[in-house]
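Q: Just one file: entry-v3.csv, with CSV, C-alpha atoms.
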```
chain,number,residue,atom,x,y,z
A,1,MET,CA,-27.5,18.1,5.9
A,2,PRO,CA,-28.8,14.6,6.7
A,3,HIS,CA,-32.6,14.2,6.7
A,4,LEU,CA,-34.0,13.2,10.1
A,5,ASN,CA,-37.4,11.6,10.4
A,6,TYR,CA,-39.7,12.0,13.4
A,7,SER,CA,-38.3,8.9,15.2
A,8,ASP,CA,-34.7,10.1,14.8
A,9,SER,CA,-35.6,13.6,16.2
A,10,GLN,CA,-37.6,12.1,19.1
A,11,SER,CA,-34.6,9.9,20.0
A,12,ILE,CA,-32.2,12.9,19.9
A,13,ILE,CA,-34.4,15.0,22.1
A,14,ILE,CA,-34.7,12.1,24.7
A,15,THR,CA,-30.9,11.8,24.7
A,16,ILE,CA,-30.5,15.6,25.3
A,17,TRP,CA,-33.1,15.5,28.1
A,18,ASN,CA,-31.2,12.6,29.8
A,19,LYS,CA,-28.0,14.5,29.6
A,20,TRP,CA,-29.7,17.6,31.1
A,21,ILE,CA,-31.1,15.6,34.0
A,22,PHE,CA,-27.7,13.9,34.6
A,23,TYR,CA,-25.7,17.2,34.7
A,24,ASN,CA,-28.3,18.8,37.0
A,25,LYS,CA,-28.0,15.9,39.4
A,26,ASN,CA,-24.2,16.0,39.3
A,27,GLY,CA,-23.3,19.6,39.2
A,28,PRO,CA,-24.6,23.2,39.1
A,29,MET,CA,-27.6,24.2,36.9
A,30,PHE,CA,-26.7,25.1,33.3
A,31,SER,CA,-27.3,28.7,32.2
A,32,GLY,CA,-29.7,29.1,29.4
A,33,ARG,CA,-26.8,29.8,27.0
A,34,LEU,CA,-25.0,26.6,28.1
A,35,LEU,CA,-28.2,24.6,27.7
A,36,ALA,CA,-28.5,25.8,24.2
A,37,GLU,CA,-24.9,24.8,23.5
A,38,VAL,CA,-25.5,21.3,25.0
A,39,PHE,CA,-28.7,21.0,22.9
A,40,THR,CA,-26.8,22.0,19.7
A,41,TRP,CA,-23.7,19.8,20.3
A,42,THR,CA,-25.8,16.8,21.2
A,43,PHE,CA,-28.2,17.2,18.3
A,44,LEU,CA,-25.3,17.4,15.8
A,45,GLU,CA,-23.5,14.5,17.4
A,46,GLU,CA,-26.6,12.2,17.3
A,47,ALA,CA,-27.5,13.3,13.8
A,48,GLY,CA,-24.0,12.4,12.5
A,49,ILE,CA,-23.0,16.0,11.9
A,50,MET,CA,-19.5,17.1,12.9
A,51,ILE,CA,-18.2,20.6,13.6
A,52,ILE,CA,-14.7,20.9,12.1
A,53,GLY,CA,-12.5,23.8,13.0
A,54,VAL,CA,-9.4,25.2,11.2
A,55,PRO,CA,-7.4,27.7,13.3
A,56,ARG,CA,-4.7,29.9,11.9
A,57,GLU,CA,-1.2,28.5,12.5
A,58,ILE,CA,0.9,30.3,15.1
A,59,LYS,CA,4.3,28.6,14.5
A,60,ASN,CA,6.9,31.0,13.3
A,61,SER,CA,6.5,31.8,9.6
A,62,GLU,CA,4.0,28.9,9.2
A,63,ASN,CA,1.9,30.0,6.3
A,64,ARG,CA,0.2,26.7,5.4
A,65,VAL,CA,-3.5,26.0,6.3
A,66,ALA,CA,-5.1,22.6,6.9
A,67,MET,CA,-8.1,23.0,4.6
A,68,VAL,CA,-8.8,24.6,1.2
A,69,PRO,CA,-12.1,25.8,-0.1
A,70,SER,CA,-12.8,22.7,-2.2
A,71,GLY,CA,-12.5,20.6,0.9
A,72,VAL,CA,-14.8,22.9,2.8
A,73,LYS,CA,-17.4,22.6,0.1
A,74,THR,CA,-17.3,18.8,0.1
A,75,LEU,CA,-17.6,18.6,3.9
A,76,ILE,CA,-20.6,21.0,3.9
A,77,GLN,CA,-22.3,19.0,1.2
A,78,ALA,CA,-21.8,15.9,3.4
A,79,GLY,CA,-23.8,17.7,6.1
A,80,HIS,CA,-20.9,19.0,8.4
A,81,GLN,CA,-20.2,22.4,9.7
A,82,ILE,CA,-16.9,24.2,9.2
A,83,LEU,CA,-15.3,27.0,11.3
A,84,ILE,CA,-12.3,28.8,9.8
A,85,GLN,CA,-10.4,31.3,11.8
A,86,LYS,CA,-10.2,34.7,10.2
A,87,GLY,CA,-7.0,35.0,8.1
A,88,ALA,CA,-6.1,31.3,8.4
A,89,GLY,CA,-5.6,30.9,4.6
A,90,LEU,CA,-3.9,34.3,3.8
A,91,GLY,CA,-0.4,32.9,3.9
A,92,SER,CA,-1.4,30.4,1.3
A,93,GLY,CA,-3.2,33.0,-0.9
A,94,ILE,CA,-6.7,31.9,0.2
A,95,LEU,CA,-9.0,34.8,1.2
A,96,ASP,CA,-11.7,34.5,3.9
A,97,GLN,CA,-14.3,35.3,1.3
A,98,GLU,CA,-13.3,32.1,-0.6
A,99,TYR,CA,-14.0,30.0,2.4
A,100,ALA,CA,-17.2,31.9,3.2
A,101,SER,CA,-18.5,31.5,-0.3
A,102,THR,CA,-18.4,27.7,0.2
A,103,GLY,CA,-20.5,27.9,3.4
A,104,ALA,CA,-17.8,28.0,6.1
A,105,GLU,CA,-18.3,30.2,9.1
A,106,ILE,CA,-15.5,32.7,9.6
A,107,VAL,CA,-14.7,33.2,13.3
A,108,SER,CA,-12.4,35.8,15.0
A,109,THR,CA,-10.1,33.8,17.3
A,110,ASN,CA,-8.5,30.4,17.7
A,111,GLN,CA,-10.4,30.1,20.9
A,112,ASP,CA,-13.7,30.3,19.0
A,113,VAL,CA,-12.5,27.5,16.8
A,114,PHE,CA,-11.3,25.2,19.7
A,115,ASN,CA,-14.3,25.9,21.9
A,116,LYS,CA,-16.9,24.8,19.3
A,117,ALA,CA,-15.2,22.2,17.1
A,118,GLU,CA,-15.3,18.5,17.6
A,119,MET,CA,-12.3,18.0,15.3
A,120,ILE,CA,-9.4,20.4,14.9
A,121,LEU,CA,-7.5,20.4,11.7
A,122,LYS,CA,-4.0,21.9,11.8
A,123,VAL,CA,-0.8,21.7,9.9
A,124,LYS,CA,1.8,21.8,12.7
A,125,GLU,CA,1.7,20.6,16.3
A,126,PRO,CA,0.0,22.7,19.0
A,127,LEU,CA,2.3,25.2,20.7
A,128,PRO,CA,2.1,26.1,24.4
A,129,PRO,CA,-0.5,28.9,24.0
A,130,GLU,CA,-2.8,26.4,22.4
A,131,TYR,CA,-2.5,23.7,25.0
A,132,SER,CA,-5.2,25.1,27.3
A,133,LEU,CA,-7.6,25.4,24.4
A,134,LEU,CA,-7.8,21.6,23.9
A,135,ARG,CA,-10.6,19.8,25.6
A,136,GLU,CA,-11.3,16.2,26.5
A,137,GLY,CA,-12.5,14.0,23.6
A,138,GLN,CA,-11.6,16.5,21.0
A,139,ILE,CA,-10.0,15.1,17.8
A,140,LEU,CA,-6.8,16.7,16.7
A,141,PHE,CA,-5.6,15.8,13.2
A,142,THR,CA,-2.2,17.3,12.3
A,143,PHE,CA,1.5,16.7,12.1
A,144,LEU,CA,2.5,16.0,15.7
A,145,HIS,CA,6.1,14.6,15.6
A,146,LEU,CA,5.9,13.7,19.2
A,147,ALA,CA,9.1,11.6,19.5
A,148,PRO,CA,11.5,14.5,20.3
A,149,LEU,CA,8.8,16.5,22.2
A,150,PRO,CA,8.0,15.0,25.6
A,151,ASP,CA,6.5,18.2,26.9
A,152,LEU,CA,4.0,18.3,24.1
A,153,THR,CA,3.2,14.7,24.6
A,154,LYS,CA,2.5,15.3,28.3
A,155,ALA,CA,0.2,18.3,27.4
A,156,LEU,CA,-1.8,16.2,25.0
A,157,LEU,CA,-2.1,13.3,27.5
A,158,LYS,CA,-3.3,15.8,30.1
A,159,ALA,CA,-5.9,17.2,27.8
A,160,LYS,CA,-7.2,13.7,27.1
A,161,ILE,CA,-7.7,14.4,23.4
A,162,VAL,CA,-7.7,12.0,20.5
A,163,GLY,CA,-4.5,12.9,18.7
A,164,ILE,CA,-4.1,11.6,15.2
A,165,ALA,CA,-0.7,12.3,13.5
A,166,TYR,CA,-0.3,12.8,9.8
A,167,GLU,CA,3.2,11.4,9.8
A,168,THR,CA,2.4,8.0,11.3
A,169,ILE,CA,-0.5,7.0,9.0
A,170,GLN,CA,1.0,4.2,7.1
A,171,LEU,CA,-0.1,2.0,4.1
A,172,GLU,CA,0.4,-1.7,3.8
A,173,ASP,CA,3.6,-1.1,1.7
A,174,ARG,CA,4.9,1.0,4.7
A,175,SER,CA,4.7,4.2,2.7
A,176,LEU,CA,3.5,7.4,4.5
A,177,PRO,CA,0.8,9.0,2.3
A,178,LEU,CA,0.3,12.2,4.3
A,179,LEU,CA,4.0,12.8,5.0
A,180,THR,CA,5.1,12.1,1.4
A,181,PRO,CA,4.0,15.4,-0.2
A,182,MET,CA,5.8,17.4,2.4
A,183,SER,CA,8.9,15.2,2.1
A,184,GLU,CA,8.9,15.7,-1.6
A,185,ILE,CA,8.8,19.5,-1.1
A,186,ALA,CA,11.4,19.6,1.7
A,187,GLY,CA,13.7,17.3,-0.4
A,188,ARG,CA,13.5,19.6,-3.4
A,189,MET,CA,13.9,22.7,-1.2
A,190,SER,CA,17.0,21.4,0.5
A,191,VAL,CA,19.1,21.7,-2.6
A,192,HIS,CA,17.8,25.2,-3.4
A,193,VAL,CA,18.5,26.3,0.2
A,194,GLY,CA,21.9,24.6,0.3
A,195,ALA,CA,23.0,26.0,-3.0
A,196,SER,CA,22.1,29.5,-1.8
A,197,LEU,CA,23.9,29.1,1.5
A,198,LEU,CA,27.1,28.2,-0.3
A,199,HIS,CA,27.2,31.7,-1.6
A,200,LYS,CA,30.1,33.6,0.1
A,201,GLU,CA,27.9,36.5,1.3
A,202,ARG,CA,25.7,34.0,3.2
A,203,GLY,CA,28.7,32.4,5.0
A,204,GLY,CA,29.3,29.6,2.5
A,205,SER,CA,32.5,28.5,0.8
A,206,GLY,CA,31.7,30.2,-2.5
A,207,VAL,CA,31.1,26.9,-4.4
A,208,LEU,CA,28.7,26.7,-7.3
A,209,LEU,CA,27.1,23.3,-7.1
A,210,GLY,CA,27.2,22.6,-10.8
A,211,GLY,CA,30.6,24.1,-11.4
A,212,VAL,CA,31.5,25.2,-15.0
A,213,PRO,CA,33.7,23.6,-17.7
A,214,GLY,CA,37.2,23.3,-16.3
A,215,VAL,CA,36.1,23.6,-12.7
A,216,GLU,CA,35.1,20.7,-10.5
A,217,ALA,CA,31.4,20.5,-9.5
A,218,GLY,CA,30.3,20.8,-5.9
A,219,LYS,CA,29.8,17.6,-3.9
A,220,VAL,CA,26.4,16.8,-2.5
A,221,VAL,CA,26.0,14.0,0.1
A,222,ILE,CA,22.4,12.8,0.8
A,223,LEU,CA,21.8,10.7,3.9
A,224,GLY,CA,18.8,8.5,3.2
A,225,GLY,CA,17.3,7.3,-0.1
A,226,GLY,CA,13.7,7.7,0.8
A,227,THR,CA,11.3,10.4,-0.4
A,228,VAL,CA,13.4,13.3,0.9
A,229,GLY,CA,16.6,11.9,-0.4
A,230,THR,CA,15.2,10.9,-3.8
A,231,ASN,CA,13.7,14.4,-4.4
A,232,ALA,CA,16.9,16.1,-3.2
A,233,ALA,CA,18.9,14.0,-5.6
A,234,LYS,CA,16.7,14.9,-8.5
A,235,MET,CA,17.3,18.5,-7.9
A,236,ALA,CA,21.1,18.1,-7.2
A,237,VAL,CA,21.7,16.0,-10.2
A,238,GLY,CA,19.9,18.6,-12.3
A,239,THR,CA,22.4,21.2,-11.2
A,240,GLY,CA,25.2,19.1,-12.4
A,241,ALA,CA,26.6,18.5,-8.9
A,242,SER,CA,28.5,15.3,-8.0
A,243,VAL,CA,25.8,13.5,-5.9
A,244,SER,CA,26.2,10.6,-3.5
A,245,ILE,CA,23.2,8.9,-1.8
A,246,LEU,CA,23.7,6.7,1.2
A,247,ASP,CA,21.2,4.2,2.5
A,248,ILE,CA,21.2,0.9,4.4
A,249,ASP,CA,18.7,-0.8,2.0
A,250,LEU,CA,20.5,-2.4,-1.0
A,251,ASN,CA,17.2,-2.9,-2.8
A,252,ARG,CA,16.5,0.8,-2.4
A,253,LEU,CA,20.0,1.6,-3.8
A,254,ARG,CA,19.3,-0.6,-6.8
A,255,TYR,CA,16.0,1.2,-7.4
A,256,LEU,CA,17.7,4.6,-7.2
A,257,ASP,CA,20.4,3.4,-9.6
A,258,ASP,CA,17.7,2.6,-12.2
A,259,ILE,CA,16.2,6.1,-11.7
A,260,PHE,CA,19.4,8.0,-12.0
A,261,GLY,CA,21.2,5.8,-14.5
A,262,GLY,CA,24.6,6.3,-13.1
A,263,ARG,CA,24.3,10.1,-12.5
A,264,ALA,CA,24.4,9.6,-8.7
A,265,HIS,CA,26.8,7.5,-6.7
A,266,LEU,CA,24.9,4.9,-4.6
A,267,VAL,CA,26.7,4.0,-1.4
A,268,ILE,CA,25.8,1.6,1.4
A,269,SER,CA,25.5,3.6,4.6
A,270,ASN,CA,27.6,2.9,7.6
A,271,TYR,CA,29.7,5.1,9.9
A,272,TYR,CA,32.8,4.7,7.8
A,273,THR,CA,31.3,5.7,4.5
A,274,ILE,CA,29.3,8.5,6.2
A,275,GLU,CA,32.4,10.0,7.7
A,276,LYS,CA,34.5,9.7,4.5
A,277,LEU,CA,31.9,11.3,2.3
A,278,VAL,CA,30.7,14.0,4.7
A,279,LYS,CA,34.2,15.3,5.3
A,280,GLU,CA,34.6,15.9,1.5
A,281,ALA,CA,31.1,17.3,1.0
A,282,ASP,CA,30.2,20.9,0.1
A,283,LEU,CA,26.5,20.2,0.9
A,284,VAL,CA,25.2,17.5,3.3
A,285,ILE,CA,21.4,16.8,3.3
A,286,GLY,CA,19.9,14.8,6.2
A,287,GLY,CA,16.8,12.9,5.0
A,288,VAL,CA,16.6,9.9,7.3
A,289,LEU,CA,13.3,8.9,8.8
A,290,VAL,CA,12.2,6.2,11.2
A,291,THR,CA,8.4,6.3,11.2
A,292,GLY,CA,7.2,8.0,14.4
A,293,ALA,CA,10.5,7.7,16.2
A,294,LYS,CA,13.5,10.0,16.7
A,295,ALA,CA,15.9,10.2,13.8
A,296,PRO,CA,19.2,8.3,14.4
A,297,LYS,CA,22.3,10.5,14.8
A,298,LEU,CA,24.3,9.5,11.8
A,299,VAL,CA,26.8,12.4,11.7
A,300,THR,CA,28.8,13.1,14.9
A,301,GLN,CA,30.1,16.4,16.0
A,302,GLU,CA,33.6,15.2,15.5
A,303,THR,CA,32.8,14.5,11.8
A,304,VAL,CA,31.3,17.9,11.4
A,305,SER,CA,34.4,19.5,12.8
A,306,LYS,CA,36.4,17.8,10.0
A,307,MET,CA,34.2,19.2,7.2
A,308,LYS,CA,35.5,22.0,5.0
A,309,LYS,CA,34.9,25.5,6.3
A,310,GLY,CA,32.0,27.1,4.6
A,311,SER,CA,30.3,23.9,3.7
A,312,VAL,CA,26.6,23.5,4.4
A,313,ILE,CA,24.3,21.1,6.3
A,314,VAL,CA,20.5,21.0,5.7
A,315,ASP,CA,18.9,18.6,8.1
A,316,VAL,CA,15.4,17.9,6.9
A,317,ALA,CA,15.0,15.3,9.6
A,318,VAL,CA,15.2,18.0,12.4
A,319,ASP,CA,11.4,17.8,13.0
A,320,GLN,CA,12.1,14.2,14.3
A,321,GLY,CA,15.2,15.3,16.3
A,322,GLY,CA,17.6,15.5,13.4
A,323,CYS,CA,20.1,13.0,12.1
A,324,ILE,CA,23.2,15.2,12.6
A,325,GLU,CA,24.5,15.7,16.1
A,326,THR,CA,25.2,19.4,15.8
A,327,CYS,CA,21.7,20.3,14.6
A,328,SER,CA,18.9,21.9,16.6
A,329,PRO,CA,15.6,23.4,15.3
A,330,THR,CA,15.6,26.8,13.8
A,331,ASN,CA,12.9,28.9,12.1
A,332,HIS,CA,12.4,30.8,8.9
A,333,GLU,CA,13.2,34.1,10.5
A,334,ASN,CA,16.6,32.9,11.9
A,335,PRO,CA,17.2,29.7,9.8
A,336,THR,CA,20.9,29.2,10.2
A,337,PHE,CA,23.8,28.9,12.7
A,338,VAL,CA,27.4,28.0,12.4
A,339,VAL,CA,29.3,25.2,14.1
A,340,ASP,CA,33.0,24.6,13.5
A,341,GLY,CA,32.8,26.8,10.4
A,342,VAL,CA,29.9,24.8,8.9
A,343,VAL,CA,26.6,26.5,8.1
A,344,HIS,CA,23.6,24.7,9.5
A,345,TYR,CA,20.1,25.1,8.2
A,346,CYS,CA,17.6,23.3,10.5
A,347,VAL,CA,14.2,24.8,9.9
A,348,ALA,CA,11.6,22.3,11.2
A,349,ASN,CA,8.8,23.4,8.9
A,350,MET,CA,10.6,23.9,5.6
A,351,PRO,CA,7.6,23.6,3.4
A,352,GLY,CA,6.0,26.5,5.1
A,353,ALA,CA,8.2,28.8,3.0
A,354,VAL,CA,6.4,27.7,-0.1
A,355,ALA,CA,3.0,27.7,1.5
A,356,ARG,CA,0.8,27.9,-1.6
A,357,THR,CA,2.3,24.7,-3.1
A,358,SER,CA,2.5,23.0,0.3
A,359,THR,CA,-1.0,23.6,1.3
A,360,PHE,CA,-2.6,22.2,-1.8
A,361,ALA,CA,-0.2,19.2,-1.9
A,362,LEU,CA,-0.9,18.4,1.8
A,363,THR,CA,-4.7,18.8,1.6
A,364,ASN,CA,-4.8,16.6,-1.5
A,365,ALA,CA,-3.4,13.8,0.7
A,366,THR,CA,-5.2,14.6,4.0
A,367,PHE,CA,-8.7,15.3,2.8
A,368,PRO,CA,-9.9,11.7,2.1
A,369,TYR,CA,-9.0,10.9,5.7
A,370,VAL,CA,-10.7,14.0,7.0
A,371,LEU,CA,-13.9,13.2,5.2
A,372,LYS,CA,-13.8,9.6,6.4
A,373,ILE,CA,-13.4,10.7,10.1
A,374,ALA,CA,-16.2,13.3,9.7
A,375,ASN,CA,-18.6,10.9,8.1
A,376,LEU,CA,-18.0,7.8,10.3
A,377,GLY,CA,-16.5,9.2,13.5
A,378,TYR,CA,-12.8,8.3,14.3
A,379,LYS,CA,-13.6,5.0,15.9
A,380,GLU,CA,-15.5,3.5,13.0
A,381,ALA,CA,-13.2,5.1,10.5
A,382,MET,CA,-10.2,3.4,12.1
A,383,GLU,CA,-11.9,0.1,12.5
A,384,ARG,CA,-12.6,0.2,8.7
A,385,ASP,CA,-9.2,1.5,7.8
A,386,PRO,CA,-6.1,0.1,9.6
A,387,THR,CA,-4.0,2.7,7.8
A,388,LEU,CA,-5.7,5.5,9.8
A,389,MET,CA,-5.5,3.5,13.0
A,390,LYS,CA,-1.7,3.8,12.8
A,391,GLY,CA,-2.1,7.5,13.0
A,392,LEU,CA,-3.5,7.4,16.5
A,393,ASN,CA,-0.8,8.7,18.9
A,394,VAL,CA,-2.6,9.7,22.0
A,395,HIS,CA,-6.1,8.6,23.1
A,396,PHE,CA,-7.9,9.9,26.2
A,397,GLY,CA,-4.8,10.3,28.3
A,398,LYS,CA,-2.9,7.3,27.0
A,399,LEU,CA,0.1,7.2,24.7
A,400,VAL,CA,-0.7,4.5,22.1
A,401,CYS,CA,2.1,5.0,19.5
A,402,LYS,CA,4.9,2.5,20.1
A,403,PRO,CA,7.7,4.4,18.2
A,404,VAL,CA,6.9,7.6,20.2
A,405,ALA,CA,6.8,5.6,23.5
A,406,ASP,CA,10.1,3.9,22.7
A,407,SER,CA,11.8,7.2,21.8
A,408,GLN,CA,10.6,8.8,25.1
A,409,LYS,CA,11.3,5.6,27.1
A,410,VAL,CA,7.8,5.4,28.5
A,411,GLU,CA,5.1,2.8,28.4
A,412,CYS,CA,2.9,2.3,25.3
A,413,ALA,CA,-0.8,1.6,26.1
A,414,ALA,CA,-3.0,-0.6,24.1
A,415,ILE,CA,-5.7,1.1,21.9
A,416,GLU,CA,-9.1,0.6,23.5
A,417,PHE,CA,-12.3,2.0,22.1
```
What does this structure look like when you write it as structure tokens?
A:
Amino acid sequence: MPHLNYSDSQSIIITIWNKWIFYNKNGPMFSGRLLAEVFTWTFLEEAGIMIIGVPREIKNSENRVAMVPSGVKTLIQAGHQILIQKGAGLGSGILDQEYASTGAEIVSTNQDVFNKAEMILKVKEPLPPEYSLLREGQILFTFLHLAPLPDLTKALLKAKIVGIAYETIQLEDRSLPLLTPMSEIAGRMSVHVGASLLHKERGGSGVLLGGVPGVEAGKVVILGGGTVGTNAAKMAVGTGASVSILDIDLNRLRYLDDIFGGRAHLVISNYYTIEKLVKEADLVIGGVLVTGAKAPKLVTQETVSKMKKGSVIVDVAVDQGGCIETCSPTNHENPTFVVDGVVHYCVANMPGAVARTSTFALTNATFPYVLKIANLGYKEAMERDPTLMKGLNVHFGKLVCKPVADSQKVECAAIEF
């Protein structure tokens, strides 16, 4: 914990006293308990100490957690306080005792976390039962994917929080450092899932992706040559499938050609090539991303209706609205549905199924930003790091992320600190 000299402590006490006088002039008298809380919060704030809370995820079958014990230990060594909701890490194989042994405080409910924490760390966006727990000025650091979720956007604006989205933090080379590990996992999973769904007993056509000698291999079509598409292609090529990757960026296709050395077909993406290849595919993987915005609808319902019966679609882009017209979000308990004889898998939190790997991959990427925000406060952290500034989506009742605003056809406000 930071060392405070006499002058620092005196300044903090004066600040707390001034707040006490202000609130008594402008409202009812505080209870003794509330006075103690105000004293604690203000003391920690003035001393540069942040209370960071990690609630248990409540999204269906979401087993990831936003902090691992090593991160807790580092934050506590930096002088901060960590609240972990009981059982938050169990889905990822992390016991409460492991957190407690590093100095975290284990609390019973998510309300305990939200009430006390200055910064909330999550994996997935808040769900309606969590909306009322948010309070003005609280920092929320998580995947938000607001573009297709206007109701969530309105709830966050109403709460006047500081909403920082993992998925819009962007480096100078336009890469997305916090989204990348989850895209890698989802891309690799998409082939495992798709191959399984092609089994006859799961509604598929009965095609083995790799085929066998004398029998044609299955055809995999991947929409998008980014992180999802590249990782999906690695797995699909490895099965021996016939793999086609579509992208609009010729330079990206050249790069992928070098990677795969002729083992994948690289095709420029347009509506003609999409329709032609999708109609012939056994497995279609949607991996298109426009940072912060809704995914474009590349495959129409008409094209889906022309696909082979028992073929499979895995739309990894569904958390941004999906790139296939017939797709809508599902969950791990009920992951699939059938349209025109085509099996659709549209789980919006695919990496949650491999929570142990996903949690450690995600926190490896998020933790440096968490530490920066905790040590500097979000304003100074963003002023020092424009990468982090791009993650700011909502700020004290204003929508400040242009791709989200454009997707929802609303005004985008300027960021003002």
Q: Write out, as a tab-separated table, each residue of range 79-160 of chain A that has an atom at most 12 Å from range 363-372 of chain A, together with the closest pair of atoms and their distance in Å to one decimal, counting only C-alpha atoms, rows going by chain and rising number.
A:
```
residue	atom	partner	partner_atom	distance
A:Gly79	CA	A:Leu371	CA	10.9
A:His80	CA	A:Leu371	CA	9.6
A:Met119	CA	A:Val370	CA	9.4
A:Ile120	CA	A:Val370	CA	10.2
A:Leu121	CA	A:Val370	CA	8.6
A:Lys122	CA	A:Thr363	CA	10.7
A:Val123	CA	A:Thr363	CA	9.6
A:Ile139	CA	A:Val370	CA	10.9
A:Leu140	CA	A:Val370	CA	10.8
A:Phe141	CA	A:Val370	CA	8.2
A:Thr142	CA	A:Thr366	CA	9.2
A:Phe143	CA	A:Thr366	CA	10.7
```
Q: Counting only C-alpha atoms, note down every residue that has an atom within 9 Å of the point (6.5, 3.8, 22.6) (file coordinates), as an NGL selection string.
A: :A and (147 or 293 or 399-413)
Q: Can you find the residues with an atom no farther than 8 Å from (28.6, 30.6, 9.1), counting only C-alpha atoms, and report them as a list of chain:residue names?
A: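 With a cut-off of 8 Å, the residues come to A:Arg202, A:Gly203, A:Gly204, A:Gly310, A:Thr336, A:Phe337, A:Val338, A:Val339, A:Gly341, A:Val342, A:Val343, A:His344.
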Q: At most 7 Å is the cut-off: for each residue in range 297-405 of chain A with any atom that close to an atom of range 92-99 of chain A, write down the nearest atom pair and the distance in Å rounded to one decimal, counting only C-alpha atoms, chain first then increasing number, as JSON lines.
A:
```
{"residue": "A:Ala355", "atom": "CA", "partner": "A:Ser92", "partner_atom": "CA", "distance": 5.2}
{"residue": "A:Arg356", "atom": "CA", "partner": "A:Ser92", "partner_atom": "CA", "distance": 4.4}
{"residue": "A:Thr359", "atom": "CA", "partner": "A:Ser92", "partner_atom": "CA", "distance": 6.8}
```
Q: May I have the residues within 9 Å of range 257-265 of chain A as a CSV table (one decimal) with C-alpha atoms, in the coordinates of the input, using only C-alpha atoms and disregarding those fewer than 4 positions away in the same chain?
A:
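Saved to part_16.csv:
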```csv
chain,number,residue,atom,x,y,z
A,233,ALA,CA,18.9,14.0,-5.6
A,234,LYS,CA,16.7,14.9,-8.5
A,237,VAL,CA,21.7,16.0,-10.2
A,242,SER,CA,28.5,15.3,-8.0
A,243,VAL,CA,25.8,13.5,-5.9
A,244,SER,CA,26.2,10.6,-3.5
A,245,ILE,CA,23.2,8.9,-1.8
A,246,LEU,CA,23.7,6.7,1.2
A,252,ARG,CA,16.5,0.8,-2.4
A,253,LEU,CA,20.0,1.6,-3.8
```
Q: Rank A:Arg135, A:Ala348, A:Thr168, A:Val162 by their smallest atom-to-atom distance to Ile415 in chain A, using only C-alpha atoms, and report the top residue only.
A: A:Val162
Q: Could you check the closest approach to Met50 in chain A for each of A:Val394, A:Leu149, A:Ala374, A:Ile161 and tell me which residue wins, using all atoms listed in the file?
A: A:Ala374
Q: Please determine, counting all atoms listed in the file, which residue among A:Leu134, A:Ile222, A:Met382, A:Ala155 has the shortest atom-to-atom distance to Gly187 in chain A.
A: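 Of all the options, A:Ile222 lies closest to Gly187 in chain A.
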Q: Quick one, how far is CA of Met67 in chain A from CA of Gly89 in chain A?
A: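 Distance reported for this atom pair: 8.3 Å.
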Q: Calculated over all atoms listed in the file, which of the candidates A:Thr153, A:Ile169, A:Gln111, A:Ile274 has the smallest distance to Asp385 in chain A?
A: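 Smallest separation from Asp385 in chain A among the options: A:Ile169.
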Q: Which polymer residues have any atom within 12 Å of an atom of Thr102 in chain A, counting only C-alpha atoms, with same-chain residues fewer than 4 positions away left out, as a PyMOL selection string?
A: chain A and resi 68-77+81-84+95-98+106
Q: Select, from A:Pro55, A:Gly137, A:Gly226, A:Gly206, the residue with the minimum atom-to-atom distance to Ser175 in chain A, counting only C-alpha atoms.
A: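 Of A:Pro55, A:Gly137, A:Gly226, A:Gly206, the one nearest Ser175 in chain A is A:Gly226, counting only C-alpha atoms.
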Q: Pick from A:Pro335, A:Pro296, A:Gly91, A:Gly103: nearest to Gly321 in chain A, with only C-alpha atoms counted?
A: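 Of all the options, A:Pro296 lies closest to Gly321 in chain A.
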Q: Between CA of Pro351 in chain A and CA of Ile373 in chain A, what distance in Å does the model show, to one decimal?
A: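 According to the coordinates, CA of Pro351 in chain A and CA of Ile373 in chain A are separated by 25.5 Å.
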Q: Determine, counting only C-alpha atoms, which protein, DNA and RNA residues have an atom within 8 Å of an atom of Met182 in chain A; residues of the same chain fewer than 2 positions away are not included. Present the result as a list in words.
A: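 Neighbouring residues, sequence-local ones excluded: Leu178, Leu179, Thr180, Glu184, Ile185, Ala186, Pro351, Ser358, Ala361 and Leu362 of chain A.
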Q: Please dump the current selection as a compact mmCIF listing (two decimals), in the coordinates of the input; keep C-alpha atoms.
A:
```
# COMPACT_ATOMS: atom_id res chain seq x y z
CA LEU A 178 0.30 12.20 4.30
CA LEU A 179 4.00 12.80 5.00
CA THR A 180 5.10 12.10 1.40
CA GLU A 184 8.90 15.70 -1.60
CA ILE A 185 8.80 19.50 -1.10
CA ALA A 186 11.40 19.60 1.70
CA PRO A 351 7.60 23.60 3.40
CA SER A 358 2.50 23.00 0.30
CA ALA A 361 -0.20 19.20 -1.90
CA LEU A 362 -0.90 18.40 1.80
```
Q: In Å, with one decimal, what is the gap from CA of Ile313 in chain A to CA of His145 in chain A?
A: 21.4 Å
Q: Which residues are near Thr300 in chain A? Cut-off 8 Å, all atoms listed in the file, ignore same chain within fewer than 5 positions. Put them as a list in words.
A: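 In the requested form, the answer reads Ile324, Glu325 and Thr326 of chain A.
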Q: Neighbouring residues of Glu280 in chain A were defined as those with any atom within 12 Å, considering only C-alpha atoms; residues of the same chain fewer than 2 positions away were excluded. Please report them as JSON, numbers by chain.
A: {"A": [218, 219, 220, 221, 242, 243, 244, 273, 274, 275, 276, 277, 278, 282, 283, 284, 303, 304, 305, 306, 307, 308, 309, 310, 311, 312]}
